[in-house]
>>> print(open('final26.cif').read())   # mmCIF, C-alpha atoms and all ligand atoms
data_entry
loop_
_atom_site.label_atom_id
_atom_site.label_comp_id
_atom_site.auth_asym_id
_atom_site.auth_seq_id
_atom_site.Cartn_x
_atom_site.Cartn_y
_atom_site.Cartn_z
CA MET A 1 0.00 0.00 0.00
CA THR A 2 1.31 3.44 -0.89
CA ASP A 3 2.03 5.76 1.97
CA PRO A 4 0.49 9.11 0.96
CA HIS A 5 3.24 10.96 2.81
CA ARG A 6 5.96 9.27 0.85
CA GLU A 7 6.01 10.73 -2.60
CA PRO A 8 8.44 9.22 -5.04
CA ILE A 9 11.31 11.38 -6.20
CA VAL A 10 9.77 13.31 -9.04
CA ARG A 11 11.36 12.34 -12.32
CA PRO A 12 12.27 13.64 -14.74
CA LEU A 13 13.86 16.66 -13.11
CA THR A 14 12.58 19.92 -14.46
CA ALA A 15 15.01 22.56 -15.66
CA TRP A 16 14.64 26.17 -14.54
CA GLU A 17 12.87 28.00 -17.30
CA GLY A 18 13.50 31.55 -16.12
CA THR A 19 16.53 33.71 -16.64
CA VAL A 20 19.68 32.73 -14.79
CA PRO A 21 21.87 35.68 -13.79
CA ARG A 22 25.44 35.26 -14.98
CA GLU A 23 26.80 35.12 -11.42
CA TYR A 24 24.61 32.08 -10.68
CA ASP A 25 25.05 30.32 -14.00
CA LEU A 26 27.08 27.14 -14.11
CA ARG A 27 24.49 25.28 -16.14
CA SER A 28 27.24 24.02 -18.44
CA LEU A 29 28.57 21.83 -15.61
CA HIS A 30 26.84 18.48 -15.63
CA GLY A 31 28.59 16.67 -12.80
CA PRO A 32 28.21 14.10 -11.48
CA PHE A 33 28.29 16.02 -8.20
CA ASP A 34 28.81 15.28 -4.54
CA ILE A 35 27.02 18.08 -2.71
CA ILE A 36 28.55 18.48 0.75
CA GLY A 37 26.58 19.86 3.69
CA ASP A 38 27.71 22.67 5.99
CA VAL A 39 31.32 21.92 6.90
CA GLN A 40 31.57 24.59 9.61
CA GLY A 41 35.29 24.05 10.10
CA CYS A 42 35.02 20.27 10.41
CA LEU A 43 38.03 19.68 8.16
CA ASP A 44 38.91 16.18 9.36
CA GLU A 45 35.41 14.90 8.66
CA LEU A 46 35.44 16.63 5.27
CA LEU A 47 38.69 14.93 4.27
CA GLU A 48 37.38 11.60 5.50
CA LEU A 49 34.12 12.01 3.60
CA VAL A 50 35.68 12.98 0.27
CA GLN A 51 38.14 10.11 0.42
CA ARG A 52 35.36 7.67 1.17
CA LEU A 53 33.41 9.09 -1.76
CA GLY A 54 36.26 7.87 -3.94
CA TYR A 55 38.32 11.03 -4.33
CA ARG A 56 42.06 10.94 -4.13
CA LEU A 57 43.76 13.97 -2.61
CA ASP A 58 47.01 15.24 -4.07
CA GLU A 59 49.69 17.05 -2.10
CA GLN A 60 47.90 20.38 -2.49
CA GLY A 61 44.67 18.92 -1.15
CA VAL A 62 43.09 19.00 -4.61
CA VAL A 63 40.69 16.14 -5.20
CA HIS A 64 40.67 13.81 -8.17
CA HIS A 65 37.88 11.35 -8.85
CA PRO A 66 38.32 8.51 -11.32
CA LYS A 67 34.86 9.22 -12.73
CA GLY A 68 35.36 12.97 -12.91
CA ARG A 69 33.00 13.76 -10.06
CA MET A 70 32.95 17.29 -8.62
CA LEU A 71 32.38 18.62 -5.13
CA VAL A 72 29.72 21.23 -4.41
CA PHE A 73 29.73 23.23 -1.18
CA VAL A 74 26.47 24.74 0.06
CA GLY A 75 28.11 27.45 2.18
CA ASP A 76 29.05 27.77 5.86
CA LEU A 77 32.49 26.27 5.43
CA ILE A 78 33.65 28.06 8.57
CA ASP A 79 33.16 28.89 12.24
CA LEU A 80 31.78 26.30 14.65
CA GLY A 81 34.17 23.40 14.14
CA PRO A 82 37.90 23.40 14.87
CA ASP A 83 39.56 24.29 11.53
CA SER A 84 37.77 27.02 9.61
CA LEU A 85 40.81 28.15 7.67
CA GLY A 86 41.62 24.60 6.66
CA ALA A 87 38.10 23.99 5.37
CA LEU A 88 38.03 27.31 3.54
CA THR A 89 41.46 26.74 2.01
CA PHE A 90 40.46 23.25 0.88
CA ALA A 91 37.36 24.61 -0.85
CA MET A 92 39.27 27.52 -2.39
CA ASN A 93 42.01 25.30 -3.81
CA ASN A 94 39.49 22.94 -5.34
CA VAL A 95 37.35 25.72 -6.79
CA ARG A 96 40.49 27.18 -8.35
CA GLU A 97 41.35 23.82 -9.88
CA GLY A 98 37.83 23.31 -11.18
CA THR A 99 37.24 20.27 -9.00
CA ALA A 100 34.64 22.02 -6.83
CA VAL A 101 32.10 24.82 -6.89
CA ALA A 102 30.77 26.66 -3.88
CA ILE A 103 28.26 29.22 -2.74
CA ARG A 104 28.27 31.63 0.17
CA GLY A 105 26.67 30.86 3.50
CA ASN A 106 25.60 33.32 6.16
CA HIS A 107 28.77 32.53 8.11
CA GLU A 108 31.03 33.69 5.24
CA ASP A 109 28.79 36.69 4.74
CA GLU A 110 28.93 37.66 8.42
CA LEU A 111 32.70 37.17 8.54
CA LEU A 112 33.19 39.47 5.54
CA GLU A 113 30.97 42.03 7.21
CA ALA A 114 32.92 41.76 10.45
CA LEU A 115 36.24 42.13 8.62
CA SER A 116 35.12 45.23 6.78
CA SER A 117 33.55 46.84 9.81
CA THR A 118 35.36 49.53 11.72
CA ASP A 119 33.07 48.85 14.63
CA ALA A 120 34.96 46.69 17.07
CA GLY A 121 31.64 45.50 18.48
CA ARG A 122 31.12 42.18 20.13
CA HIS A 123 31.33 39.14 17.92
CA PRO A 124 30.31 35.64 18.91
CA TRP A 125 33.13 33.39 20.11
CA TYR A 126 33.36 31.44 16.87
CA ARG A 127 33.68 34.62 14.80
CA ARG A 128 36.43 35.94 17.06
CA ARG A 129 38.22 32.62 16.72
CA THR A 130 37.93 32.58 12.91
CA MET A 131 39.02 36.22 12.69
CA GLN A 132 42.01 35.49 14.87
CA ALA A 133 43.00 32.51 12.73
CA LEU A 134 42.73 34.70 9.65
CA SER A 135 44.82 37.42 11.24
CA LEU A 136 47.56 34.89 11.99
CA ALA A 137 47.57 33.49 8.45
CA PRO A 138 50.25 34.60 5.97
CA ALA A 139 49.13 37.84 4.31
CA GLY A 140 48.89 36.25 0.89
CA LEU A 141 46.68 33.43 2.11
CA LYS A 142 44.45 35.80 4.06
CA ALA A 143 43.98 38.01 1.00
CA ALA A 144 43.23 35.00 -1.17
CA LEU A 145 40.67 33.60 1.29
CA VAL A 146 38.91 36.94 1.63
CA ALA A 147 38.80 37.34 -2.16
CA PHE A 148 37.49 33.78 -2.44
CA MET A 149 34.67 34.45 0.01
CA GLU A 150 33.83 37.76 -1.66
CA GLY A 151 33.52 35.99 -4.99
CA LEU A 152 31.14 33.28 -3.76
CA PRO A 153 27.73 33.50 -5.39
CA HIS A 154 24.51 33.21 -3.39
CA GLN A 155 22.96 30.55 -5.64
CA LEU A 156 24.24 28.25 -8.38
CA PHE A 157 22.36 26.65 -11.24
CA LEU A 158 23.97 23.45 -12.49
CA ASP A 159 23.33 20.70 -15.04
CA GLY A 160 21.35 22.68 -17.57
CA GLY A 161 19.26 24.27 -14.80
CA LYS A 162 17.99 20.95 -13.45
CA LEU A 163 19.85 21.46 -10.17
CA VAL A 164 20.06 24.58 -8.04
CA ILE A 165 22.18 25.07 -4.94
CA THR A 166 21.16 27.56 -2.26
CA HIS A 167 22.36 28.02 1.29
CA ALA A 168 19.22 28.26 3.39
CA GLY A 169 16.72 26.96 0.83
CA VAL A 170 14.34 29.28 -0.97
CA PRO A 171 10.88 28.88 -2.49
CA GLU A 172 10.69 28.86 -6.27
CA LYS A 173 9.62 32.50 -6.51
CA PHE A 174 12.92 33.64 -5.00
CA LEU A 175 15.20 31.56 -7.19
CA ALA A 176 17.57 33.45 -9.51
CA GLU A 177 16.92 36.75 -7.72
CA THR A 178 19.97 38.95 -7.24
CA GLY A 179 18.85 41.97 -5.20
CA SER A 180 20.44 42.47 -1.80
CA GLU A 181 17.22 41.53 -0.01
CA ALA A 182 16.91 38.37 -2.07
CA LYS A 183 20.51 37.47 -1.37
CA GLN A 184 19.99 37.84 2.35
CA ARG A 185 16.88 35.70 2.08
CA SER A 186 18.93 33.04 0.32
CA LEU A 187 21.36 33.03 3.26
CA ARG A 188 19.01 33.08 6.21
CA LEU A 189 15.50 32.32 5.21
CA PRO A 190 12.71 31.35 7.40
CA PRO A 191 9.97 32.08 4.84
CA SER A 192 7.40 31.68 7.55
CA GLY A 193 8.83 34.83 9.12
CA ARG A 194 8.92 33.03 12.43
CA PRO A 195 12.09 32.40 14.40
CA TYR A 196 13.76 29.11 13.68
CA ALA A 197 12.32 26.12 15.39
CA LYS A 198 12.79 22.47 14.70
CA GLY A 199 12.25 21.99 10.99
CA ASP A 200 10.40 25.28 10.81
CA HIS A 201 11.32 26.44 7.35
CA TRP A 202 10.24 23.22 5.74
CA VAL A 203 6.67 23.68 6.80
CA GLY A 204 5.97 26.63 4.58
CA TRP A 205 7.09 25.61 1.14
CA ALA A 206 9.20 22.53 0.58
CA PRO A 207 6.36 20.02 0.16
CA GLN A 208 4.76 22.26 -2.50
CA TYR A 209 7.97 23.25 -4.26
CA LYS A 210 7.92 22.50 -8.01
CA GLY A 211 11.21 24.05 -9.16
CA PRO A 212 14.42 22.37 -10.21
CA LEU A 213 15.95 20.00 -7.69
CA GLN A 214 17.18 22.28 -4.91
CA VAL A 215 19.89 21.21 -2.49
CA HIS A 216 20.63 23.46 0.46
CA GLY A 217 22.12 23.49 3.93
CA HIS A 218 21.92 25.92 6.85
CA GLU A 219 19.45 24.15 9.08
CA ALA A 220 21.14 21.27 10.86
CA VAL A 221 18.63 18.61 11.71
CA GLY A 222 20.81 15.61 12.35
CA LYS A 223 20.31 13.84 9.02
CA VAL A 224 19.70 14.63 5.37
CA VAL A 225 16.04 15.39 4.70
CA HIS A 226 14.69 14.90 1.19
CA THR A 227 11.28 16.37 0.48
CA GLY A 228 10.17 16.01 -3.12
CA HIS A 229 12.49 18.33 -5.04
CA VAL A 230 14.12 19.90 -1.96
CA VAL A 231 17.05 18.36 -0.10
CA ASN A 232 18.52 19.71 3.13
CA VAL A 233 22.03 18.27 3.25
CA ASP A 234 23.07 19.81 6.59
CA SER A 235 23.19 16.86 8.93
CA GLY A 236 24.80 18.80 11.77
CA CYS A 237 28.44 17.70 11.91
CA MET A 238 29.25 20.60 14.24
CA PHE A 239 26.64 19.31 16.68
CA GLY A 240 28.27 15.90 16.77
CA HIS A 241 26.00 14.29 14.17
CA ARG A 242 27.24 13.68 10.62
CA LEU A 243 28.81 15.35 7.63
CA SER A 244 26.92 14.27 4.53
CA ALA A 245 27.09 14.33 0.77
CA PHE A 246 24.07 14.18 -1.51
CA ARG A 247 25.13 12.49 -4.71
CA TYR A 248 23.71 13.81 -7.96
CA PRO A 249 22.30 12.44 -10.18
CA GLU A 250 22.21 9.23 -8.11
CA MET A 251 20.06 10.87 -5.38
CA THR A 252 21.77 8.95 -2.65
CA VAL A 253 23.34 10.10 0.60
CA ARG A 254 26.69 9.16 2.09
CA SER A 255 27.88 10.47 5.40
CA VAL A 256 30.56 10.19 8.05
CA GLN A 257 30.19 10.53 11.79
CA ALA A 258 31.41 13.73 13.44
CA HIS A 259 34.58 13.12 15.41
CA ALA A 260 33.19 15.14 18.30
CA PRO A 261 30.27 17.39 19.21
CA TYR A 262 31.87 20.79 18.68
CA ILE A 263 29.00 22.76 20.12
CA LYS A 264 25.81 21.96 21.97
CA ASP A 265 22.91 20.98 19.75
CA ARG A 266 20.13 23.52 19.76
CA PHE A 267 17.63 20.76 19.08
CA SER A 268 16.66 18.46 21.88
CA ASP A 269 15.80 15.76 19.36
CA PRO A 270 18.57 15.39 16.80
CA PHE A 271 16.35 13.49 14.40
CA PRO A 272 13.09 15.38 14.03
CA LYS A 273 10.36 13.58 12.17
CA PHE A 274 9.08 15.02 8.92
CA PRO A 275 5.82 13.35 7.85
CA TRP A 276 6.52 13.99 4.13
CA GLU A 277 10.11 12.92 4.25
CA HIS A 278 11.40 10.80 1.42
CA PRO A 279 13.56 7.79 2.14
CA SER A 280 16.67 9.01 0.35
CA GLY A 281 18.81 5.96 0.62
CA GLU A 282 20.97 7.33 3.39
CA LYS A 283 23.89 5.12 4.18
CA SER A 284 26.72 5.36 6.56
CA LEU A 285 30.18 4.66 5.32
MN MN B 1 23.95 28.87 7.58
#
>>> encode(input="final26.cif", output="structure tokens")
Amino acid sequence: MTDPHREPIVRPLTAWEGTVPREYDLRSLHGPFDIIGDVQGCLDELLELVQRLGYRLDEQGVVHHPKGRMLVFVGDLIDLGPDSLGALTFAMNNVREGTAVAIRGNHEDELLEALSSTDAGRHPWYRRRTMQALSLAPAGLKAALVAFMEGLPHQLFLDGGKLVITHAGVPEKFLAETGSEAKQRSLRLPPSGRPYAKGDHWVGWAPQYKGPLQVHGHEAVGKVVHTGHVVNVDSGCMFGHRLSAFRYPEMTVRSVQAHAPYIKDRFSDPFPKFPWEHPSGEKSL
């Protein structure tokens, strides 16, 4: 008997039919992709995950996959875990080599804002730590990392427009928008307008979303959640859960266990239940 809450993955994937701004347009890249959830400075888990996904790392930390797979980062490479600069440098080196693409998360955005601010105001502990690490880095590396973050787009359209990457997840009507308000929405959305609560931003739109397959991060809920054409790939490594990759076009999930809980989980239940959730073939490595 068919469970009405368990819709099949909708195939074929629909391509975005609207305009794609140049800064978001990587439609000519067709993958296959391994879309990595919010790394948040969890470099060790990132290196473990990419190697288990079949990538070989060269001496510069650039990945090579025998089947030409590419990494995709959904933003928030930095801050809560132990090695923000390492994670950021890894992503930068691979983007430069064409073995990865990445978008900006709110943590990169807030760091750039903090760095450009003359106001010495209070920053959260993780921002102070990341800023200190950056200040201790060689000047050339610091400049390169800042330029890398400044160049990160807020959304990316891939594979002919059949796949879109956003940080916080956005309803269809906000895709491909470039205004400053839209960009902020892409980084921090709760479309309900309510403060974040467990799974909050899924309630408003994901089950009804009809756009191209959208993979995003930002809201750590302990495991990858796949709702129709929307995938939240942030499985909360920084909270001691897992770092995950959503594989495209296979639509499967691979993940590794966090080596430690780096900060206290804001959710009392690390695995909230979503009644419409799709069984996405999650497997541990
Ligand atoms: Mn975020």
>>> closest_residue(input="final26.cif", among="A:Lys210, A:Lys173, A:His154, A:Lys142", to="ligand MN 1 (chain B)", atoms="all atoms listed in the file")
A:His154
>>> closest_residue(input="final26.cif", among="A:Pro212, A:Gly75, A:Pro171, A:Gly18", to="ligand MN 1 (chain B)", atoms="all atoms listed in the file")
A:Gly75
>>> residues_near_ligand(input="final26.cif", ligand="ligand MN 1 (chain B)", cutoff="12 Å", atoms="only C-alpha atoms and all ligand atoms", output="MDAnalysis selection string")
chainID A and resid 37:40 73:80 103:110 154 166:169 184:190 196 216:220 232:234 236 238
>>> residues_around(input="final26.cif", residues="A:Lys264", least_positions_apart="3", cutoff="9 Å", atoms="only C-alpha atoms", output="ChimeraX atom specification")
/A:238-240,261,267
>>> write_last_selection(input="final26.cif", atoms="C-alpha atoms", output="PDB file, in the frame of the given file")
ATOM      1  CA  MET A 238      29.250  20.600  14.240  1.00  0.00           C
ATOM      2  CA  PHE A 239      26.640  19.310  16.680  1.00  0.00           C
ATOM      3  CA  GLY A 240      28.270  15.900  16.770  1.00  0.00           C
ATOM      4  CA  PRO A 261      30.270  17.390  19.210  1.00  0.00           C
ATOM      5  CA  PHE A 267      17.630  20.760  19.080  1.00  0.00           C
TER       6      PHE A 267
END
>>> closest_residue(input="final26.cif", among="A:Asp34, A:Glu113, A:Glu45, A:Asp83", to="A:Met70", atoms="all atoms listed in the file")
A:Asp34
>>> closest_residue(input="final26.cif", among="A:Gln60, A:Gln214, A:Thr130, A:Thr178", to="A:Pro153", atoms="all atoms listed in the file")
A:Thr178
>>> residues_around(input="final26.cif", residues="A:Phe90", least_positions_apart="3", cutoff="10 Å", atoms="all atoms listed in the file", output="VMD selection string")
chain A and resid 43 46 to 47 60 to 63 77 84 to 87 93 to 95 100
>>> closest_residue(input="final26.cif", among="A:Tyr248, A:Lys162, A:Asp44, A:Leu26", to="A:Arg69", atoms="all atoms listed in the file")
A:Tyr248
>>> atom_distance(input="final26.cif", atom1="atom CA of A:Leu134", atom2="atom CA of A:Ser117")
15.2 Å
>>> axis_aligned_box(input="final26.cif", around="stretch 144-159 of chain A", padding_each_side="5 Å", output="lines of an AutoDock Vina configuration file")
center_x = 32.8
center_y = 29.2
center_z = -6.7
size_x = 30.9
size_y = 27.1
size_z = 26.7
>>> residues_around(input="final26.cif", residues="A:His241", least_positions_apart="6", cutoff="7 Å", atoms="only C-alpha atoms", output="VMD selection string")
chain A and resid 222 235 257 to 258
>>> write_last_selection(input="final26.cif", atoms="C-alpha atoms", output="CSV table (one decimal), in the frame of the given file")
chain,number,residue,atom,x,y,z
A,222,GLY,CA,20.8,15.6,12.4
A,235,SER,CA,23.2,16.9,8.9
A,257,GLN,CA,30.2,10.5,11.8
A,258,ALA,CA,31.4,13.7,13.4
>>> atom_distance(input="final26.cif", atom1="atom CA of A:Thr89", atom2="atom CA of A:Leu175")
28.2 Å
>>> atom_distance(input="final26.cif", atom1="atom CA of A:Lys223", atom2="atom CA of A:Cys237")
9.5 Å
>>> closest_residue(input="final26.cif", among="A:Leu156, A:Val225, A:Val256, A:Val101", to="A:Pro21", atoms="all atoms listed in the file")
A:Leu156
>>> residues_near_point(input="final26.cif", point="(19.2, 26.7, -10.1)", cutoff="8 Å", atoms="all atoms listed in the file", output="PyMOL selection string")
chain A and resi 16+20+24-25+155-158+161-165+175-176+212-214
